[in-house]
Amino acid sequence: MDLTYSAAEQSFRAEVRAWLGDHLTGDFAALRGLGGPGRDHEAHDERLAWNQHLAAHGWTALGWPVEHGGRGLSLMEQVIFHEEYARADAPARVNHLGEELLGPTLIAFGTEEQKKRFLPPIVAVEELWCQGYSEPGAGSDLAAVQTRARLEGDQWVVDGQKVWTSLAHLSQWCFVIARTEPGSQRHQGLSFLMVPLDQEGVEVRPIEQITGGSEFNEVFFTGARTDASMVVGEPGQGWRVAMGLLGFERGVSTLGQQVGFARELETVVERARANGSYDDPVLRDRIARATVELE
């Protein structure tokens, strides 16, 4: 496989780099380096405005098909964008769960009505999403979920608890794995539901971290409701949809974090050289191990 960049890809890299250089200015310049894991409390509203600015100029949903509002970029072009975005020290985007996880899942498994309703606001960064997977007794073992949902007329009624729900306190919607077939066990009888958070049956409790932020939350559903049409895929077949979403999560969406980690390590090395501590063989060994682990 040829992993060298073509002339067209090099031209695209120059386009991305130039755009970021032209637009990460003024008020947006102050956002450089803000946000990211453990720091999502930093300048959220300002980063939301930046993310909407990206959307207005066609820099969201890069890999989505054009017919669904995306750019239809190749895998290599997406890689290039995320590399340049991280190298520009641009702020962490606020729309990751909607744009990189739910959107592709709806394109693959959703109905036409669901696509028309939810994809445009995701592309425009007008609605934010969180992920209702983990529970107190179902973290790494997702098939052990106990949150339940039942159909009452034309609505699903949801009862249960989710935990470690990233950015739930800042989101309007949550995609939820719930058990919808009484008596079912493990992977069977689960459904993938989209649930609005602004309702009496939902309580979001932020979990304060040592950083001072509250990226994660507990979410309690007590008779929460969502329309019957808000199930993605067939009822009872939610495991297939949930695994499909995790497949999208393992794509290029987190590549920018890797580039960011490399930048952080470079900064550590630069400071060590500047203050002379790099001459310490113990420190050099630690830096070498960190470099190996990063690679």
# chains A, B, ... in the order shown; residues from 1 in each chain; ligands from 1
>>> select_by_dssp(residues="stretch 147-292 of chain A", states="strand (DSSP E)", output="VMD selection string")
chain A and resid 148 to 152 155 to 162 173 to 179 190 to 196 202 to 207 216 to 227 231 to 232
>>> write_last_selection(atoms="C-alpha atoms", output="PDB file, in the first residue's frame")
ATOM      1  CA  ARG A 148     -35.339  -0.755  30.666  1.00  0.00           C
ATOM      2  CA  ALA A 149     -37.796   0.730  28.224  1.00  0.00           C
ATOM      3  CA  ARG A 150     -41.356  -0.269  27.431  1.00  0.00           C
ATOM      4  CA  LEU A 151     -43.782   0.856  24.772  1.00  0.00           C
ATOM      5  CA  GLU A 152     -46.806   2.737  26.015  1.00  0.00           C
ATOM      6  CA  GLN A 155     -43.911   6.368  23.229  1.00  0.00           C
ATOM      7  CA  TRP A 156     -41.071   4.500  24.885  1.00  0.00           C
ATOM      8  CA  VAL A 157     -40.937   4.898  28.678  1.00  0.00           C
ATOM      9  CA  VAL A 158     -37.368   4.593  30.011  1.00  0.00           C
ATOM     10  CA  ASP A 159     -36.267   3.718  33.558  1.00  0.00           C
ATOM     11  CA  GLY A 160     -32.704   3.198  34.723  1.00  0.00           C
ATOM     12  CA  GLN A 161     -29.339   4.795  35.363  1.00  0.00           C
ATOM     13  CA  LYS A 162     -26.328   5.536  33.186  1.00  0.00           C
ATOM     14  CA  TRP A 173     -30.098  14.346  23.348  1.00  0.00           C
ATOM     15  CA  CYS A 174     -28.741  10.991  24.510  1.00  0.00           C
ATOM     16  CA  PHE A 175     -28.542   7.735  22.570  1.00  0.00           C
ATOM     17  CA  VAL A 176     -29.394   5.000  25.043  1.00  0.00           C
ATOM     18  CA  ILE A 177     -29.007   1.229  25.093  1.00  0.00           C
ATOM     19  CA  ALA A 178     -32.001  -0.159  26.982  1.00  0.00           C
ATOM     20  CA  ARG A 179     -33.536  -3.579  27.527  1.00  0.00           C
ATOM     21  CA  LEU A 190     -31.754  -4.581  23.661  1.00  0.00           C
ATOM     22  CA  SER A 191     -32.803  -1.501  21.703  1.00  0.00           C
ATOM     23  CA  PHE A 192     -30.955   1.646  20.641  1.00  0.00           C
ATOM     24  CA  LEU A 193     -33.116   4.642  21.580  1.00  0.00           C
ATOM     25  CA  MET A 194     -32.711   8.390  21.102  1.00  0.00           C
ATOM     26  CA  VAL A 195     -33.977  10.226  24.183  1.00  0.00           C
ATOM     27  CA  PRO A 196     -34.387  13.999  24.725  1.00  0.00           C
ATOM     28  CA  VAL A 202     -34.352  12.871  33.307  1.00  0.00           C
ATOM     29  CA  GLU A 203     -31.930  13.958  36.034  1.00  0.00           C
ATOM     30  CA  VAL A 204     -28.290  14.713  35.164  1.00  0.00           C
ATOM     31  CA  ARG A 205     -25.791  14.761  38.035  1.00  0.00           C
ATOM     32  CA  PRO A 206     -22.285  15.976  37.103  1.00  0.00           C
ATOM     33  CA  ILE A 207     -19.365  14.040  38.594  1.00  0.00           C
ATOM     34  CA  PHE A 216     -18.690  12.877  33.191  1.00  0.00           C
ATOM     35  CA  ASN A 217     -22.189  12.550  34.606  1.00  0.00           C
ATOM     36  CA  GLU A 218     -24.692  10.206  36.143  1.00  0.00           C
ATOM     37  CA  VAL A 219     -27.989  10.218  34.264  1.00  0.00           C
ATOM     38  CA  PHE A 220     -31.175   8.934  35.895  1.00  0.00           C
ATOM     39  CA  PHE A 221     -34.216   8.029  33.792  1.00  0.00           C
ATOM     40  CA  THR A 222     -37.449   7.835  35.764  1.00  0.00           C
ATOM     41  CA  GLY A 223     -40.365   7.448  33.416  1.00  0.00           C
ATOM     42  CA  ALA A 224     -38.513   9.409  30.755  1.00  0.00           C
ATOM     43  CA  ARG A 225     -40.258   9.389  27.397  1.00  0.00           C
ATOM     44  CA  THR A 226     -39.339   9.400  23.754  1.00  0.00           C
ATOM     45  CA  ASP A 227     -41.428   8.779  20.653  1.00  0.00           C
ATOM     46  CA  VAL A 231     -35.556   3.529  17.967  1.00  0.00           C
ATOM     47  CA  VAL A 232     -32.627   3.049  15.575  1.00  0.00           C
TER      48      VAL A 232
END
>>> residues_around(residues="A:Thr291", least_positions_apart="6", cutoff="10 Å", atoms="only C-alpha atoms", output="list in words")
Ala262, Leu265, Glu266 and Asp285 of chain A
>>> write_last_selection(atoms="N, CA, C and O atoms", output="short mmCIF file (atom, residue, chain, number, x, y, z; two decimals), in the first residue's frame")
data_model
loop_
_atom_site.label_atom_id
_atom_site.label_comp_id
_atom_site.auth_asym_id
_atom_site.auth_seq_id
_atom_site.Cartn_x
_atom_site.Cartn_y
_atom_site.Cartn_z
N ALA A 262 1.54 13.91 20.84
CA ALA A 262 2.90 14.08 20.32
C ALA A 262 3.38 15.51 20.54
O ALA A 262 4.54 15.74 20.91
N LEU A 265 4.35 15.93 24.19
CA LEU A 265 5.64 15.33 24.50
C LEU A 265 6.79 16.19 23.94
O LEU A 265 7.83 16.36 24.59
N GLU A 266 6.61 16.73 22.75
CA GLU A 266 7.63 17.61 22.17
C GLU A 266 7.87 18.82 23.09
O GLU A 266 9.01 19.26 23.26
N ASP A 285 15.72 8.59 30.11
CA ASP A 285 15.14 7.25 30.01
C ASP A 285 13.61 7.32 30.07
O ASP A 285 12.92 6.62 29.32
#
>>> select_by_dssp(residues="stretch 69-210 of chain A", states="helix (DSSP H, G or I)", output="PDB file with N, CA and C atoms, in the first residue's frame")
ATOM      1  N   LEU A  75     -10.455   8.847   3.233  1.00  0.00           N
ATOM      2  CA  LEU A  75      -9.842   8.563   4.523  1.00  0.00           C
ATOM      3  C   LEU A  75      -8.560   9.359   4.699  1.00  0.00           C
ATOM      4  N   MET A  76      -7.741   9.425   3.662  1.00  0.00           N
ATOM      5  CA  MET A  76      -6.477  10.151   3.766  1.00  0.00           C
ATOM      6  C   MET A  76      -6.710  11.646   3.989  1.00  0.00           C
ATOM      7  N   GLU A  77      -7.717  12.202   3.330  1.00  0.00           N
ATOM      8  CA  GLU A  77      -8.022  13.625   3.527  1.00  0.00           C
ATOM      9  C   GLU A  77      -8.508  13.886   4.954  1.00  0.00           C
ATOM     10  N   GLN A  78      -9.274  12.956   5.512  1.00  0.00           N
ATOM     11  CA  GLN A  78      -9.701  13.111   6.901  1.00  0.00           C
ATOM     12  C   GLN A  78      -8.501  13.073   7.842  1.00  0.00           C
ATOM     13  N   VAL A  79      -7.579  12.157   7.577  1.00  0.00           N
ATOM     14  CA  VAL A  79      -6.364  12.078   8.378  1.00  0.00           C
ATOM     15  C   VAL A  79      -5.610  13.407   8.321  1.00  0.00           C
ATOM     16  N   ILE A  80      -5.476  13.939   7.131  1.00  0.00           N
ATOM     17  CA  ILE A  80      -4.767  15.209   6.953  1.00  0.00           C
ATOM     18  C   ILE A  80      -5.437  16.318   7.751  1.00  0.00           C
ATOM     19  N   PHE A  81      -6.762  16.405   7.676  1.00  0.00           N
ATOM     20  CA  PHE A  81      -7.457  17.451   8.425  1.00  0.00           C
ATOM     21  C   PHE A  81      -7.163  17.335   9.915  1.00  0.00           C
ATOM     22  N   HIS A  82      -7.304  16.138  10.468  1.00  0.00           N
ATOM     23  CA  HIS A  82      -7.102  15.972  11.910  1.00  0.00           C
ATOM     24  C   HIS A  82      -5.657  16.253  12.303  1.00  0.00           C
ATOM     25  N   GLU A  83      -4.709  15.901  11.446  1.00  0.00           N
ATOM     26  CA  GLU A  83      -3.313  16.231  11.729  1.00  0.00           C
ATOM     27  C   GLU A  83      -3.108  17.741  11.779  1.00  0.00           C
ATOM     28  N   GLU A  84      -3.594  18.437  10.779  1.00  0.00           N
ATOM     29  CA  GLU A  84      -3.393  19.883  10.722  1.00  0.00           C
ATOM     30  C   GLU A  84      -4.160  20.602  11.824  1.00  0.00           C
ATOM     31  N   TYR A  85      -5.330  20.088  12.143  1.00  0.00           N
ATOM     32  CA  TYR A  85      -6.132  20.698  13.215  1.00  0.00           C
ATOM     33  C   TYR A  85      -5.374  20.620  14.536  1.00  0.00           C
ATOM     34  N   ALA A  86      -4.797  19.453  14.822  1.00  0.00           N
ATOM     35  CA  ALA A  86      -4.039  19.300  16.066  1.00  0.00           C
ATOM     36  C   ALA A  86      -2.763  20.130  16.044  1.00  0.00           C
ATOM     37  N   ARG A  87      -2.093  20.179  14.907  1.00  0.00           N
ATOM     38  CA  ARG A  87      -0.841  20.932  14.822  1.00  0.00           C
ATOM     39  C   ARG A  87      -1.072  22.435  14.941  1.00  0.00           C
ATOM     40  N   HIS A  96     -18.229  15.937  19.057  1.00  0.00           N
ATOM     41  CA  HIS A  96     -17.632  14.652  18.700  1.00  0.00           C
ATOM     42  C   HIS A  96     -18.659  13.516  18.688  1.00  0.00           C
ATOM     43  N   LEU A  97     -19.452  13.402  19.737  1.00  0.00           N
ATOM     44  CA  LEU A  97     -20.356  12.254  19.852  1.00  0.00           C
ATOM     45  C   LEU A  97     -21.447  12.264  18.788  1.00  0.00           C
ATOM     46  N   GLY A  98     -21.918  13.452  18.438  1.00  0.00           N
ATOM     47  CA  GLY A  98     -22.923  13.522  17.388  1.00  0.00           C
ATOM     48  C   GLY A  98     -22.331  13.316  16.015  1.00  0.00           C
ATOM     49  N   GLU A  99     -21.231  14.021  15.740  1.00  0.00           N
ATOM     50  CA  GLU A  99     -20.652  14.012  14.401  1.00  0.00           C
ATOM     51  C   GLU A  99     -19.928  12.708  14.067  1.00  0.00           C
ATOM     52  N   GLU A 100     -19.159  12.193  15.008  1.00  0.00           N
ATOM     53  CA  GLU A 100     -18.317  11.047  14.709  1.00  0.00           C
ATOM     54  C   GLU A 100     -18.952   9.708  15.064  1.00  0.00           C
ATOM     55  N   LEU A 101     -19.938   9.695  15.971  1.00  0.00           N
ATOM     56  CA  LEU A 101     -20.530   8.435  16.410  1.00  0.00           C
ATOM     57  C   LEU A 101     -21.976   8.280  15.945  1.00  0.00           C
ATOM     58  N   LEU A 102     -22.852   9.173  16.420  1.00  0.00           N
ATOM     59  CA  LEU A 102     -24.265   8.970  16.103  1.00  0.00           C
ATOM     60  C   LEU A 102     -24.561   9.206  14.631  1.00  0.00           C
ATOM     61  N   GLY A 103     -24.009  10.254  14.045  1.00  0.00           N
ATOM     62  CA  GLY A 103     -24.302  10.566  12.654  1.00  0.00           C
ATOM     63  C   GLY A 103     -24.026   9.395  11.719  1.00  0.00           C
ATOM     64  N   PRO A 104     -22.800   8.842  11.722  1.00  0.00           N
ATOM     65  CA  PRO A 104     -22.539   7.684  10.865  1.00  0.00           C
ATOM     66  C   PRO A 104     -23.437   6.494  11.182  1.00  0.00           C
ATOM     67  N   THR A 105     -23.825   6.338  12.453  1.00  0.00           N
ATOM     68  CA  THR A 105     -24.701   5.237  12.829  1.00  0.00           C
ATOM     69  C   THR A 105     -26.090   5.419  12.224  1.00  0.00           C
ATOM     70  N   LEU A 106     -26.600   6.649  12.247  1.00  0.00           N
ATOM     71  CA  LEU A 106     -27.897   6.908  11.627  1.00  0.00           C
ATOM     72  C   LEU A 106     -27.830   6.708  10.119  1.00  0.00           C
ATOM     73  N   ILE A 107     -26.735   7.115   9.505  1.00  0.00           N
ATOM     74  CA  ILE A 107     -26.591   6.916   8.069  1.00  0.00           C
ATOM     75  C   ILE A 107     -26.634   5.426   7.733  1.00  0.00           C
ATOM     76  N   ALA A 108     -26.049   4.602   8.599  1.00  0.00           N
ATOM     77  CA  ALA A 108     -25.982   3.163   8.344  1.00  0.00           C
ATOM     78  C   ALA A 108     -27.257   2.429   8.745  1.00  0.00           C
ATOM     79  N   PHE A 109     -27.907   2.842   9.841  1.00  0.00           N
ATOM     80  CA  PHE A 109     -29.005   2.052  10.393  1.00  0.00           C
ATOM     81  C   PHE A 109     -30.333   2.805  10.500  1.00  0.00           C
ATOM     82  N   GLU A 112     -35.175   7.019   6.935  1.00  0.00           N
ATOM     83  CA  GLU A 112     -35.053   8.274   6.202  1.00  0.00           C
ATOM     84  C   GLU A 112     -35.560   9.439   7.036  1.00  0.00           C
ATOM     85  N   GLU A 113     -36.632   9.204   7.796  1.00  0.00           N
ATOM     86  CA  GLU A 113     -37.178  10.269   8.651  1.00  0.00           C
ATOM     87  C   GLU A 113     -36.180  10.658   9.728  1.00  0.00           C
ATOM     88  N   GLN A 114     -35.502   9.670  10.332  1.00  0.00           N
ATOM     89  CA  GLN A 114     -34.502   9.966  11.355  1.00  0.00           C
ATOM     90  C   GLN A 114     -33.327  10.737  10.773  1.00  0.00           C
ATOM     91  N   LYS A 115     -32.900  10.365   9.591  1.00  0.00           N
ATOM     92  CA  LYS A 115     -31.795  11.072   8.949  1.00  0.00           C
ATOM     93  C   LYS A 115     -32.163  12.525   8.672  1.00  0.00           C
ATOM     94  N   LYS A 116     -33.375  12.740   8.157  1.00  0.00           N
ATOM     95  CA  LYS A 116     -33.799  14.104   7.840  1.00  0.00           C
ATOM     96  C   LYS A 116     -33.939  14.950   9.097  1.00  0.00           C
ATOM     97  N   ARG A 117     -34.381  14.326  10.179  1.00  0.00           N
ATOM     98  CA  ARG A 117     -34.594  15.069  11.424  1.00  0.00           C
ATOM     99  C   ARG A 117     -33.276  15.405  12.127  1.00  0.00           C
ATOM    100  N   PHE A 118     -32.340  14.442  12.203  1.00  0.00           N
ATOM    101  CA  PHE A 118     -31.202  14.611  13.100  1.00  0.00           C
ATOM    102  C   PHE A 118     -29.872  14.950  12.419  1.00  0.00           C
ATOM    103  N   LEU A 119     -29.670  14.549  11.186  1.00  0.00           N
ATOM    104  CA  LEU A 119     -28.359  14.794  10.574  1.00  0.00           C
ATOM    105  C   LEU A 119     -28.068  16.274  10.344  1.00  0.00           C
ATOM    106  N   PRO A 120     -29.005  17.070   9.799  1.00  0.00           N
ATOM    107  CA  PRO A 120     -28.685  18.496   9.593  1.00  0.00           C
ATOM    108  C   PRO A 120     -28.287  19.240  10.867  1.00  0.00           C
ATOM    109  N   PRO A 121     -28.997  19.055  12.016  1.00  0.00           N
ATOM    110  CA  PRO A 121     -28.552  19.762  13.227  1.00  0.00           C
ATOM    111  C   PRO A 121     -27.199  19.291  13.744  1.00  0.00           C
ATOM    112  N   ILE A 122     -26.829  18.032  13.443  1.00  0.00           N
ATOM    113  CA  ILE A 122     -25.498  17.567  13.836  1.00  0.00           C
ATOM    114  C   ILE A 122     -24.438  18.253  12.989  1.00  0.00           C
ATOM    115  N   VAL A 123     -24.654  18.306  11.691  1.00  0.00           N
ATOM    116  CA  VAL A 123     -23.696  18.958  10.798  1.00  0.00           C
ATOM    117  C   VAL A 123     -23.512  20.425  11.178  1.00  0.00           C
ATOM    118  N   LEU A 142     -20.927  -4.320  28.504  1.00  0.00           N
ATOM    119  CA  LEU A 142     -22.091  -3.570  28.047  1.00  0.00           C
ATOM    120  C   LEU A 142     -23.348  -4.422  27.973  1.00  0.00           C
ATOM    121  N   ALA A 143     -23.197  -5.715  27.698  1.00  0.00           N
ATOM    122  CA  ALA A 143     -24.365  -6.587  27.556  1.00  0.00           C
ATOM    123  C   ALA A 143     -25.121  -6.772  28.866  1.00  0.00           C
ATOM    124  N   ALA A 144     -24.567  -6.289  29.991  1.00  0.00           N
ATOM    125  CA  ALA A 144     -25.223  -6.446  31.292  1.00  0.00           C
ATOM    126  C   ALA A 144     -26.130  -5.268  31.634  1.00  0.00           C
ATOM    127  N   ALA A 168     -23.126  15.018  29.265  1.00  0.00           N
ATOM    128  CA  ALA A 168     -24.594  14.965  29.335  1.00  0.00           C
ATOM    129  C   ALA A 168     -25.174  16.288  29.811  1.00  0.00           C
ATOM    130  N   HIS A 169     -24.458  16.988  30.688  1.00  0.00           N
ATOM    131  CA  HIS A 169     -24.962  18.248  31.238  1.00  0.00           C
ATOM    132  C   HIS A 169     -24.970  19.371  30.202  1.00  0.00           C
ATOM    133  N   LEU A 170     -24.348  19.126  29.049  1.00  0.00           N
ATOM    134  CA  LEU A 170     -24.297  20.138  27.993  1.00  0.00           C
ATOM    135  C   LEU A 170     -25.033  19.684  26.733  1.00  0.00           C
TER     136      LEU A 170
END
>>> closest_atom_pairs(of="stretch 176-263 of chain A", to="stretch 34-48 of chain A", cutoff="9 Å", atoms="only C-alpha atoms", output="JSON lines")
{"residue": "A:Gln209", "atom": "CA", "partner": "A:Gly38", "partner_atom": "CA", "distance": 7.9}
{"residue": "A:Ile210", "atom": "CA", "partner": "A:Gly38", "partner_atom": "CA", "distance": 8.9}
{"residue": "A:Thr211", "atom": "CA", "partner": "A:Gly38", "partner_atom": "CA", "distance": 6.7}
{"residue": "A:Gly212", "atom": "CA", "partner": "A:His41", "partner_atom": "CA", "distance": 8.4}
{"residue": "A:Gly213", "atom": "CA", "partner": "A:His41", "partner_atom": "CA", "distance": 5.3}
{"residue": "A:Ser214", "atom": "CA", "partner": "A:His41", "partner_atom": "CA", "distance": 6.8}
{"residue": "A:Glu215", "atom": "CA", "partner": "A:Asp40", "partner_atom": "CA", "distance": 5.9}
{"residue": "A:Gln257", "atom": "CA", "partner": "A:Gly36", "partner_atom": "CA", "distance": 8.3}
>>> write_last_selection(atoms="N, CA, C and O atoms", output="compact mmCIF listing (two decimals), in the first residue's frame")
# COMPACT_ATOMS: atom_id res chain seq x y z
N GLN A 209 -14.49 16.15 38.84
CA GLN A 209 -13.19 15.51 38.71
C GLN A 209 -12.12 16.31 39.43
O GLN A 209 -12.33 17.45 39.84
N ILE A 210 -10.97 15.71 39.55
CA ILE A 210 -9.86 16.37 40.23
C ILE A 210 -9.42 17.62 39.47
O ILE A 210 -8.83 18.54 40.04
N THR A 211 -9.72 17.67 38.17
CA THR A 211 -9.37 18.85 37.37
C THR A 211 -10.26 20.04 37.67
O THR A 211 -10.00 21.15 37.22
N GLY A 212 -11.36 19.81 38.41
CA GLY A 212 -12.31 20.87 38.69
C GLY A 212 -13.47 20.89 37.72
O GLY A 212 -14.46 21.59 37.95
N GLY A 213 -13.37 20.15 36.65
CA GLY A 213 -14.46 20.07 35.68
C GLY A 213 -15.37 18.90 35.97
O GLY A 213 -15.17 18.13 36.91
N SER A 214 -16.40 18.77 35.15
CA SER A 214 -17.37 17.68 35.31
C SER A 214 -17.70 17.13 33.92
O SER A 214 -18.83 17.23 33.45
N GLU A 215 -16.70 16.56 33.29
CA GLU A 215 -16.90 16.00 31.96
C GLU A 215 -17.90 14.86 31.99
O GLU A 215 -18.70 14.69 31.08
N GLN A 257 -6.22 13.44 18.67
CA GLN A 257 -5.70 13.32 20.03
C GLN A 257 -4.27 12.79 20.01
O GLN A 257 -3.42 13.22 20.78
>>> atom_distance(atom1="atom CA of A:Gly58", atom2="atom CA of A:Ser74")
15.0 Å
>>> atom_distance(atom1="atom CA of A:Gln52", atom2="atom CA of A:Val125")
5.6 Å
>>> decode(residues="stretch 210-219 of chain A", atoms="all heavy atoms", output="compact mmCIF listing (two decimals), in the first residue's frame")
# COMPACT_ATOMS: atom_id res chain seq x y z
N ILE A 210 -10.97 15.71 39.55
CA ILE A 210 -9.86 16.37 40.23
C ILE A 210 -9.42 17.62 39.47
O ILE A 210 -8.83 18.54 40.04
CB ILE A 210 -8.68 15.39 40.42
CG1 ILE A 210 -7.70 15.96 41.44
CG2 ILE A 210 -8.01 15.08 39.09
CD1 ILE A 210 -6.64 14.95 41.85
N THR A 211 -9.72 17.67 38.17
CA THR A 211 -9.37 18.85 37.37
C THR A 211 -10.26 20.04 37.67
O THR A 211 -10.00 21.15 37.22
CB THR A 211 -9.52 18.52 35.87
OG1 THR A 211 -10.88 18.13 35.62
CG2 THR A 211 -8.58 17.40 35.45
N GLY A 212 -11.36 19.81 38.41
CA GLY A 212 -12.31 20.87 38.69
C GLY A 212 -13.47 20.89 37.72
O GLY A 212 -14.46 21.59 37.95
N GLY A 213 -13.37 20.15 36.65
CA GLY A 213 -14.46 20.07 35.68
C GLY A 213 -15.37 18.90 35.97
O GLY A 213 -15.17 18.13 36.91
N SER A 214 -16.40 18.77 35.15
CA SER A 214 -17.37 17.68 35.31
C SER A 214 -17.70 17.13 33.92
O SER A 214 -18.83 17.23 33.45
CB SER A 214 -18.63 18.17 36.02
OG SER A 214 -18.34 18.64 37.31
N GLU A 215 -16.70 16.56 33.29
CA GLU A 215 -16.90 16.00 31.96
C GLU A 215 -17.90 14.86 31.99
O GLU A 215 -18.70 14.69 31.08
CB GLU A 215 -15.56 15.51 31.41
CG GLU A 215 -15.65 14.80 30.08
CD GLU A 215 -14.31 14.24 29.64
OE1 GLU A 215 -13.31 14.43 30.38
OE2 GLU A 215 -14.25 13.60 28.58
N PHE A 216 -17.84 14.05 33.08
CA PHE A 216 -18.69 12.88 33.19
C PHE A 216 -19.91 13.17 34.07
O PHE A 216 -19.88 14.07 34.91
CB PHE A 216 -17.92 11.70 33.78
CG PHE A 216 -16.70 11.33 32.98
CD1 PHE A 216 -15.43 11.45 33.53
CD2 PHE A 216 -16.83 10.84 31.69
CE1 PHE A 216 -14.31 11.10 32.79
CE2 PHE A 216 -15.71 10.49 30.95
CZ PHE A 216 -14.45 10.62 31.50
N ASN A 217 -20.95 12.36 33.87
CA ASN A 217 -22.19 12.55 34.61
C ASN A 217 -22.85 11.22 34.92
O ASN A 217 -22.62 10.22 34.24
CB ASN A 217 -23.19 13.37 33.77
CG ASN A 217 -22.69 14.75 33.41
OD1 ASN A 217 -22.98 15.72 34.09
ND2 ASN A 217 -21.94 14.83 32.32
N GLU A 218 -23.69 11.24 35.96
CA GLU A 218 -24.69 10.21 36.14
C GLU A 218 -25.98 10.72 35.52
O GLU A 218 -26.30 11.90 35.65
CB GLU A 218 -24.93 9.93 37.63
CG GLU A 218 -23.74 9.36 38.37
CD GLU A 218 -24.06 9.18 39.85
OE1 GLU A 218 -24.12 10.21 40.55
OE2 GLU A 218 -24.27 8.04 40.28
N VAL A 219 -26.71 9.84 34.86
CA VAL A 219 -27.99 10.22 34.26
C VAL A 219 -29.05 9.23 34.74
O VAL A 219 -28.89 8.02 34.55
CB VAL A 219 -27.93 10.23 32.72
CG1 VAL A 219 -29.28 10.68 32.15
CG2 VAL A 219 -26.82 11.16 32.23
